[in-house]
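Colleague: Below is a structure I'd like to ask you about.
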Amino acid sequence: MFDRIHQRLQRQTQQQRQRERLVLNAPPSGLTRIGHKELVNFSSNDYLGFAQHPAVVHALEVGAKRWGVGAGASHLVSGHSQIHEDLEQALAALTQRPRALLFSNGYMANLALISTLMEKDDTVLHDRLNHASLFDGTLLAGCRFLRYQHLDMTSLKQRLARAQGHCLIVTDGVFSMDGDTAPLRDLVQISRTHEAMLMVDDAHGIGVLGPHGAGLLEQEQLSVNEVPILMGTLGKALGTAGAFVAGSETLIEYLIQFARPYIYTTASSPAMAYATLTALELLEKEAWRRTHLKDLIHHFQSTATELGLTIQPSQTPIQPVVIGDNTTTLRVARALREHGFLVGAIRPPTVPEHTARLRITLCADHRPEHIIALLQTLSRLHTS
């Protein structure tokens, strides 16, 4: 077995797919440090800068003193505190759903949703570029699954014609590697026509999109009747940790009773729940952060176009620059770090073959001059 492990690690290195963990010596958004080098961080999902917001940090401290750091048990034993209950109600109100249910992380929420709802004779239909956790939830369910071409509704309809049993259409709201968004209104119409359930993973939309930061579903004005299943995370734009599922009373009660990843897991930190409530309050009080972020996105797109860089038409904080081969992508990312910019180098199998890219993410702590400096440096490196 260790020979097999060693051989696979060697192949990973030879194919320039090896992953490394960077050790940061400062908070994750805006400006950070690796060792003694200060870097402008363009690789964080802390889109609104809440992870180091003084009010959120203070709330975590207060929450720990009042509620404790750890929950001590699963939600169904004795780990579900009043602060968890308050947060679930606040998340339900934000997303305009009857109920919400907390999970320790988004990966677990997706595993729980799909594996609990679907049975072996059912079919799950996935956008080809969905997050890995959605595919893994389907594998855990042991049901049939079909992948349709990215954002291609004709491809989805063709696969629905081959589907069996109960059908669940699953899509990311904002796609984490491309920054584009799902055509939710088209998906709603198709799901109704084919009597399929629709589930949206809006991990990268919650906090960023919509008039109140409730995500892509709020932006598209879609109710729980149109999108019955919503998953969102707390560790991206909200700056804390954990995830939630929002939906009908029946959906949430069913998950409480039957979702093994929920039943058999220690409840999330009550102190973190208290901090997340503060982050939700800041969504309303500091709405300027979303406005500023939109301005930065427009500034990035226009500046990159002026410099002749090939970019994707993303209107979200995720701004990929597709390079193609792994070696060049790694070289450019390392050169950017030497020039003071931290940018993620994303390679297969996270993205399709020959689409290795720089995944540039913007946050409210960035300033226009940060973006100009990054793109000017990238332009020089890309043409050299």
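Labeling convention for the structure tokens: chains A, B, ... as they appear, residues from 1 per chain, ligands from 1 in order of appearance.
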I need the strand (DSSP E or B) residues of segment 92-275 of chain A per DSSP on the backbone, written as a ChimeraX atom specification.

Modeller: /A:99-103,123-127,144-148,167-172,174,181,197-201,229-233,243-247,266

Colleague: With the cut-off set at 12 Å and counting only C-alpha atoms, tabulate each residue of segment 16-116 of chain A with an atom at most that distance from an atom of segment 319-332 of chain A, showing the nearest atom pair and its distance in Å to one decimal, ordered by chain and increasing number, as CSV.

Modeller:
residue,atom,partner,partner_atom,distance
A:Gln16,CA,A:Asn326,CA,5.9
A:Arg17,CA,A:Asn326,CA,7.3
A:Gln18,CA,A:Asn326,CA,10.2
A:Arg19,CA,A:Leu330,CA,10.8
A:Glu20,CA,A:Leu330,CA,11.5
A:Phe42,CA,A:Gln319,CA,9.7
A:Ser43,CA,A:Gln319,CA,10.3
A:Ser44,CA,A:Gln319,CA,12.0
A:Asn45,CA,A:Gln319,CA,11.8

Colleague: Can you pull out every residue within 10 Å of Ala287 of chain A, counting only C-alpha atoms, but drop anything in the same chain fewer than 6 positions away, and send it as a list of chain:residue names?

Modeller: A:Leu48, A:Gly207, A:Val208, A:Pro211, A:His212, A:Gly213

Colleague: Find the spatial neighbours of Leu255 of chain A, counting only C-alpha atoms, within a cut-off of 8 Å - ignore same-chain residues fewer than 5 positions away - and output them as a ChimeraX atom specification.

Modeller: /A:112-113,116,262

Colleague: Those selected residues, please, written with N, CA and C atoms and delivered as a short mmCIF file (atom, residue, chain, number, x, y, z; two decimals), in the first residue's frame.

Modeller:
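Generated file (again.cif):
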data_model
loop_
_atom_site.label_atom_id
_atom_site.label_comp_id
_atom_site.auth_asym_id
_atom_site.auth_seq_id
_atom_site.Cartn_x
_atom_site.Cartn_y
_atom_site.Cartn_z
N ALA A 112 -24.94 15.80 3.53
CA ALA A 112 -26.17 15.48 4.24
C ALA A 112 -27.40 15.64 3.34
N LEU A 113 -27.46 16.73 2.62
CA LEU A 113 -28.64 17.00 1.79
C LEU A 113 -28.89 15.90 0.76
N THR A 116 -29.28 12.18 2.06
CA THR A 116 -30.50 11.96 2.83
C THR A 116 -31.75 11.99 1.96
N TYR A 262 -25.50 15.20 10.02
CA TYR A 262 -25.98 16.15 11.03
C TYR A 262 -26.13 15.47 12.40
#

Colleague: Using only C-alpha atoms, determine which residues lie at most 9 Å from Ala237 of chain A, disregarding the query and same-chain residues fewer than 5 positions distant; provide the list as a ChimeraX atom specification.

Modeller: /A:45-51,203-208,363

Colleague: Convert the current residue selection to file output with C-alpha atoms, as an mmCIF file, in the first residue's frame.

Modeller:
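Ended up saving to again15.cif:
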data_model
loop_
_atom_site.group_PDB
_atom_site.id
_atom_site.type_symbol
_atom_site.label_atom_id
_atom_site.label_comp_id
_atom_site.auth_asym_id
_atom_site.auth_seq_id
_atom_site.Cartn_x
_atom_site.Cartn_y
_atom_site.Cartn_z
ATOM 1 C CA ASN A 45 -12.956 34.167 0.097
ATOM 2 C CA ASP A 46 -13.408 36.714 2.910
ATOM 3 C CA TYR A 47 -15.167 38.941 0.392
ATOM 4 C CA LEU A 48 -16.498 41.566 2.822
ATOM 5 C CA GLY A 49 -13.506 41.642 5.188
ATOM 6 C CA PHE A 50 -15.586 40.366 8.126
ATOM 7 C CA ALA A 51 -13.035 37.749 9.246
ATOM 8 C CA ALA A 203 -21.743 29.405 -0.935
ATOM 9 C CA HIS A 204 -20.120 32.231 -2.932
ATOM 10 C CA GLY A 205 -23.295 34.310 -3.310
ATOM 11 C CA ILE A 206 -24.413 34.634 0.311
ATOM 12 C CA GLY A 207 -23.330 37.997 1.694
ATOM 13 C CA VAL A 208 -22.224 39.352 -1.683
ATOM 14 C CA CYS A 363 -12.566 41.741 -1.179
#

Colleague: Using only C-alpha atoms for the distances, tell me which of A:Asp178, A:Ser74, A:Ile252, A:Asp127 is nearest to Thr355 of chain A.

Modeller: A:Asp178
